[in-house]
Amino acid sequence: MNSRIIANGILRAVAVILGVALLAYFLYAVRSVVAYLIIAAVIALLGRPIVLFLRRKLKFPNTLAVVATMIFMLGIFVGILALFVPLIAEQSKNLSLLDIESLKSDINTLYVEILDYFGATSGNVTELLKDSKLEENMLQGLDLGFIPNFLNSFVNMLSNFSIGFFSVLFISFFFLKDSNLFQKGMLVFIPDTRESGVVKSIDKINGLLSRYFAGILLQLFILFVIYTIALLIVGVENAIVIAFLCALFNIIPYIGPLIGGAIMLTLTMTSFLGADFSAVILPKALYVLIGLVIGQLIDNFFSQPFIFSTSVKSHPLEIFLIIIIAGLLFGVVGMVVAVPGYTAIKVVLKEFLAEYSIVKKLTKNL
């Protein structure tokens, strides 16, 4: 092996590394667009059965079926948002947001009742706050300059949401209109010798992820029913809306149920402000907590194992480790996309690297 061959090999390796680095930087720079594509692809997966039903059963033209599906899904989205209007209005009423004095009185009463129940006094709490110097630190950190910054952040967030919303709608329309559009776009960068394998992988991924998202919807529905029953038993107003909101947080693995549970308990307690804490508020909160625990036990020991074993064909422990690793590396977003991403990687590995023993063991159920 002469020096020219070695030099060419080194240059080729450097070029490959540089190309991968540039590609990674490009994807990072356009991460918003990548996110729009992923969200649109998920919407297309969910809406595809509706399009096929309208085309095959009701004989709709393809474009009309896609438009009808988009309108239907938008109607569901708007309807979900509309459900929260009564909840916000009711909680605003309960918290007396329009009557500051009543709000202060209710909060002070609830504070005193909690202290009495646990055998504490306001003097103990005041002394504890003085020792922690919390008030001093808060005053030192107070800066009214946050107001214009907050307004600018709100305007930017609203602008980004509008751009993202309409971008996702636009991309979703074409993904639904041509189910092979995403596949064709990927094949542009794939050599001809690999096209058949890529097509098989995409079809397999579509099938697995369709079952996975259907399983997630079933999981959320089961939790929604359990939470609704628990809230109706204790007499919480807008129980259906609260149950739906808290069930929706279960999309975020492990952290989501904690957030949803905290919100449910808080809304339950604020729904009964003014009532006796030990006789009314605390028992009702405990009943709701029991409903939360029952829902999570059913979800952890029945719903999730069923979804993972039948949809993405992975062991629950395997999924647990993947979600934890993705959460440590990429935060909450990583936890949400961990299972779909891992499933896609497994399919690709089985198609192109099936000769390796570790790949065989990981993908034996696919």
# chains A, B, ... in the order shown; residues from 1 in each chain; ligands from 1
>>> closest_atom_pairs(of="range 186-226 of chain A", to="range 243-254 of chain A", cutoff="12 Å", atoms="only C-alpha atoms", output="Markdown table")
| residue | atom | partner | partner_atom | distance |
| --- | --- | --- | --- | --- |
| A:Phe213 | CA | A:Ile251 | CA | 10.4 |
| A:Gly215 | CA | A:Ile251 | CA | 11.5 |
| A:Ile216 | CA | A:Ile251 | CA | 7.7 |
| A:Leu217 | CA | A:Ile251 | CA | 9.5 |
| A:Leu218 | CA | A:Ala247 | CA | 11.1 |
| A:Gln219 | CA | A:Asn250 | CA | 8.7 |
| A:Leu220 | CA | A:Ala247 | CA | 5.7 |
| A:Phe221 | CA | A:Ala247 | CA | 7.8 |
| A:Ile222 | CA | A:Ala247 | CA | 8.7 |
| A:Leu223 | CA | A:Ala247 | CA | 5.7 |
| A:Phe224 | CA | A:Ala247 | CA | 5.4 |
| A:Val225 | CA | A:Ala243 | CA | 7.8 |
| A:Ile226 | CA | A:Ala243 | CA | 8.3 |
>>> write_last_selection(atoms="C-alpha atoms", output="PDB file, in the first residue's frame")
ATOM      1  CA  PHE A 213     -50.400   6.289  17.573  1.00  0.00           C
ATOM      2  CA  GLY A 215     -52.486   2.688  20.803  1.00  0.00           C
ATOM      3  CA  ILE A 216     -51.606   6.059  22.331  1.00  0.00           C
ATOM      4  CA  LEU A 217     -55.124   7.312  21.583  1.00  0.00           C
ATOM      5  CA  LEU A 218     -56.548   4.204  23.273  1.00  0.00           C
ATOM      6  CA  GLN A 219     -54.276   4.793  26.285  1.00  0.00           C
ATOM      7  CA  LEU A 220     -55.414   8.419  26.613  1.00  0.00           C
ATOM      8  CA  PHE A 221     -59.074   7.390  26.274  1.00  0.00           C
ATOM      9  CA  ILE A 222     -58.773   4.853  29.120  1.00  0.00           C
ATOM     10  CA  LEU A 223     -57.169   7.440  31.408  1.00  0.00           C
ATOM     11  CA  PHE A 224     -59.760  10.029  30.365  1.00  0.00           C
ATOM     12  CA  VAL A 225     -62.604   7.696  31.382  1.00  0.00           C
ATOM     13  CA  ILE A 226     -61.001   6.883  34.763  1.00  0.00           C
TER      14      ILE A 226
END
>>> closest_atom_pairs(of="range 40-89 of chain A", to="range 156-172 of chain A", cutoff="12 Å", atoms="only C-alpha atoms", output="tab-separated table")
residue	atom	partner	partner_atom	distance
A:Ala40	CA	A:Ser172	CA	4.7
A:Ala41	CA	A:Ser172	CA	6.8
A:Val42	CA	A:Ser172	CA	8.7
A:Ile43	CA	A:Ser172	CA	6.6
A:Ala44	CA	A:Ser172	CA	5.9
A:Leu45	CA	A:Ser172	CA	9.6
A:Leu46	CA	A:Ser172	CA	10.6
A:Gly47	CA	A:Ser172	CA	9.2
A:Arg48	CA	A:Ser172	CA	10.4
A:Val66	CA	A:Ser172	CA	9.5
A:Val67	CA	A:Ser172	CA	10.6
A:Thr69	CA	A:Ser172	CA	10.6
A:Met70	CA	A:Leu169	CA	8.1
A:Ile71	CA	A:Leu169	CA	10.5
A:Met73	CA	A:Leu169	CA	10.5
A:Leu74	CA	A:Leu169	CA	9.4
A:Phe77	CA	A:Phe165	CA	11.8
>>> write_last_selection(atoms="N, CA and C atoms", output="PDB file, in the first residue's frame")
ATOM      1  N   ALA A  40     -46.303  17.202  10.583  1.00  0.00           N
ATOM      2  CA  ALA A  40     -47.178  16.986   9.433  1.00  0.00           C
ATOM      3  C   ALA A  40     -47.248  15.500   9.062  1.00  0.00           C
ATOM      4  N   ALA A  41     -46.120  14.800   9.181  1.00  0.00           N
ATOM      5  CA  ALA A  41     -46.117  13.366   8.891  1.00  0.00           C
ATOM      6  C   ALA A  41     -46.998  12.601   9.875  1.00  0.00           C
ATOM      7  N   VAL A  42     -46.958  12.992  11.156  1.00  0.00           N
ATOM      8  CA  VAL A  42     -47.815  12.347  12.163  1.00  0.00           C
ATOM      9  C   VAL A  42     -49.289  12.616  11.867  1.00  0.00           C
ATOM     10  N   ILE A  43     -49.612  13.863  11.523  1.00  0.00           N
ATOM     11  CA  ILE A  43     -50.995  14.197  11.169  1.00  0.00           C
ATOM     12  C   ILE A  43     -51.448  13.407   9.954  1.00  0.00           C
ATOM     13  N   ALA A  44     -50.540  13.257   8.980  1.00  0.00           N
ATOM     14  CA  ALA A  44     -50.884  12.476   7.786  1.00  0.00           C
ATOM     15  C   ALA A  44     -51.132  11.015   8.134  1.00  0.00           C
ATOM     16  N   LEU A  45     -50.345  10.466   9.050  1.00  0.00           N
ATOM     17  CA  LEU A  45     -50.564   9.081   9.485  1.00  0.00           C
ATOM     18  C   LEU A  45     -51.926   8.914  10.156  1.00  0.00           C
ATOM     19  N   LEU A  46     -52.309   9.917  10.972  1.00  0.00           N
ATOM     20  CA  LEU A  46     -53.590   9.846  11.660  1.00  0.00           C
ATOM     21  C   LEU A  46     -54.765  10.087  10.716  1.00  0.00           C
ATOM     22  N   GLY A  47     -54.562  10.968   9.747  1.00  0.00           N
ATOM     23  CA  GLY A  47     -55.657  11.302   8.848  1.00  0.00           C
ATOM     24  C   GLY A  47     -55.797  10.391   7.647  1.00  0.00           C
ATOM     25  N   ARG A  48     -54.781   9.578   7.375  1.00  0.00           N
ATOM     26  CA  ARG A  48     -54.816   8.714   6.199  1.00  0.00           C
ATOM     27  C   ARG A  48     -55.999   7.742   6.202  1.00  0.00           C
ATOM     28  N   VAL A  66     -59.225  14.801   0.966  1.00  0.00           N
ATOM     29  CA  VAL A  66     -58.174  15.417   1.790  1.00  0.00           C
ATOM     30  C   VAL A  66     -58.690  16.688   2.460  1.00  0.00           C
ATOM     31  N   VAL A  67     -59.386  17.528   1.702  1.00  0.00           N
ATOM     32  CA  VAL A  67     -59.931  18.769   2.266  1.00  0.00           C
ATOM     33  C   VAL A  67     -60.921  18.456   3.381  1.00  0.00           C
ATOM     34  N   THR A  69     -61.027  15.815   5.237  1.00  0.00           N
ATOM     35  CA  THR A  69     -60.278  15.290   6.379  1.00  0.00           C
ATOM     36  C   THR A  69     -59.604  16.411   7.158  1.00  0.00           C
ATOM     37  N   MET A  70     -59.006  17.363   6.445  1.00  0.00           N
ATOM     38  CA  MET A  70     -58.354  18.492   7.106  1.00  0.00           C
ATOM     39  C   MET A  70     -59.374  19.318   7.896  1.00  0.00           C
ATOM     40  N   ILE A  71     -60.552  19.543   7.304  1.00  0.00           N
ATOM     41  CA  ILE A  71     -61.594  20.305   7.996  1.00  0.00           C
ATOM     42  C   ILE A  71     -62.050  19.549   9.244  1.00  0.00           C
ATOM     43  N   MET A  73     -60.320  17.347  11.054  1.00  0.00           N
ATOM     44  CA  MET A  73     -59.279  17.378  12.078  1.00  0.00           C
ATOM     45  C   MET A  73     -59.141  18.774  12.686  1.00  0.00           C
ATOM     46  N   LEU A  74     -59.304  19.814  11.867  1.00  0.00           N
ATOM     47  CA  LEU A  74     -59.288  21.179  12.402  1.00  0.00           C
ATOM     48  C   LEU A  74     -60.474  21.402  13.332  1.00  0.00           C
ATOM     49  N   PHE A  77     -59.661  19.963  16.610  1.00  0.00           N
ATOM     50  CA  PHE A  77     -58.699  20.816  17.315  1.00  0.00           C
ATOM     51  C   PHE A  77     -59.388  22.041  17.913  1.00  0.00           C
TER      52      PHE A  77
END
>>> select_by_dssp(residues="range 176-294 of chain A", states="helix (DSSP H, G or I)", output="PyMOL selection string")
chain A and resi 176-177+181-187+192-234+239-251+255-270+277-294
>>> write_last_selection(atoms="C-alpha atoms", output="short mmCIF file (atom, residue, chain, number, x, y, z; two decimals), in the first residue's frame")
data_model
loop_
_atom_site.label_atom_id
_atom_site.label_comp_id
_atom_site.auth_asym_id
_atom_site.auth_seq_id
_atom_site.Cartn_x
_atom_site.Cartn_y
_atom_site.Cartn_z
CA LEU A 176 -52.39 13.46 2.72
CA LYS A 177 -52.98 14.16 -0.96
CA LEU A 181 -44.71 12.27 -1.35
CA PHE A 182 -42.52 11.92 1.75
CA GLN A 183 -41.15 8.66 0.41
CA LYS A 184 -40.35 10.20 -2.98
CA GLY A 185 -38.56 13.08 -1.28
CA MET A 186 -36.34 10.69 0.65
CA LEU A 187 -35.56 8.56 -2.39
CA ASP A 192 -30.77 3.26 -6.92
CA THR A 193 -29.33 0.07 -5.44
CA ARG A 194 -30.81 0.91 -2.05
CA GLU A 195 -34.24 2.16 -3.15
CA SER A 196 -36.11 -1.12 -2.65
CA GLY A 197 -34.78 -1.51 0.89
CA VAL A 198 -35.68 2.08 1.77
CA VAL A 199 -39.20 1.65 0.38
CA LYS A 200 -39.70 -1.51 2.46
CA SER A 201 -38.39 0.27 5.55
CA ILE A 202 -40.72 3.25 5.08
CA ASP A 203 -43.74 0.99 4.59
CA LYS A 204 -42.82 -0.98 7.71
CA ILE A 205 -42.30 2.20 9.75
CA ASN A 206 -45.64 3.62 8.58
CA GLY A 207 -47.43 0.46 9.66
CA LEU A 208 -45.77 0.29 13.09
CA LEU A 209 -46.21 3.98 13.85
CA SER A 210 -49.84 3.94 12.75
CA ARG A 211 -50.51 1.19 15.28
CA TYR A 212 -48.45 3.03 17.90
CA PHE A 213 -50.40 6.29 17.57
CA ALA A 214 -53.68 4.36 17.60
CA GLY A 215 -52.49 2.69 20.80
CA ILE A 216 -51.61 6.06 22.33
CA LEU A 217 -55.12 7.31 21.58
CA LEU A 218 -56.55 4.20 23.27
CA GLN A 219 -54.28 4.79 26.28
CA LEU A 220 -55.41 8.42 26.61
CA PHE A 221 -59.07 7.39 26.27
CA ILE A 222 -58.77 4.85 29.12
CA LEU A 223 -57.17 7.44 31.41
CA PHE A 224 -59.76 10.03 30.37
CA VAL A 225 -62.60 7.70 31.38
CA ILE A 226 -61.00 6.88 34.76
CA TYR A 227 -60.22 10.53 35.54
CA THR A 228 -63.73 11.63 34.51
CA ILE A 229 -65.34 9.06 36.81
CA ALA A 230 -63.13 10.15 39.74
CA LEU A 231 -63.93 13.84 39.23
CA LEU A 232 -67.66 13.24 38.77
CA ILE A 233 -67.80 11.21 41.99
CA VAL A 234 -66.44 14.14 44.03
CA ALA A 239 -64.94 17.25 35.11
CA ILE A 240 -64.78 16.14 31.46
CA VAL A 241 -62.55 19.04 30.43
CA ILE A 242 -60.20 18.63 33.40
CA ALA A 243 -59.97 14.88 32.84
CA PHE A 244 -59.18 15.39 29.15
CA LEU A 245 -56.47 17.95 29.92
CA CYS A 246 -54.80 15.76 32.55
CA ALA A 247 -55.01 12.63 30.39
CA LEU A 248 -53.39 14.55 27.53
CA PHE A 249 -50.28 15.16 29.64
CA ASN A 250 -49.59 11.40 29.55
CA ILE A 251 -48.17 11.91 26.05
CA ILE A 255 -43.13 13.45 33.79
CA GLY A 256 -46.50 14.04 32.12
CA PRO A 257 -48.58 12.01 34.63
CA LEU A 258 -47.03 13.98 37.52
CA ILE A 259 -47.89 17.30 35.88
CA GLY A 260 -51.40 16.12 35.02
CA GLY A 261 -51.96 14.82 38.54
CA ALA A 262 -50.78 18.08 40.13
CA ILE A 263 -53.11 20.08 37.86
CA MET A 264 -56.07 17.81 38.64
CA LEU A 265 -55.55 18.05 42.40
CA THR A 266 -55.09 21.83 42.21
CA LEU A 267 -58.24 22.36 40.13
CA THR A 268 -60.17 20.06 42.47
CA MET A 269 -59.14 22.07 45.53
CA THR A 270 -59.81 25.45 43.91
CA PHE A 277 -60.59 22.23 54.45
CA SER A 278 -60.54 19.10 56.63
CA ALA A 279 -64.19 18.16 56.07
CA VAL A 280 -64.59 18.93 52.36
CA ILE A 281 -61.48 19.94 50.43
CA LEU A 282 -59.03 17.36 51.78
CA PRO A 283 -61.36 14.30 51.42
CA LYS A 284 -62.30 15.25 47.87
CA ALA A 285 -58.64 15.74 46.97
CA LEU A 286 -57.86 12.31 48.44
CA TYR A 287 -60.63 10.68 46.38
CA VAL A 288 -59.23 12.29 43.24
CA LEU A 289 -55.74 11.14 44.21
CA ILE A 290 -57.05 7.57 44.51
CA GLY A 291 -58.53 7.89 41.01
CA LEU A 292 -55.16 9.13 39.73
CA VAL A 293 -53.33 6.20 41.31
CA ILE A 294 -55.81 3.68 39.87
#
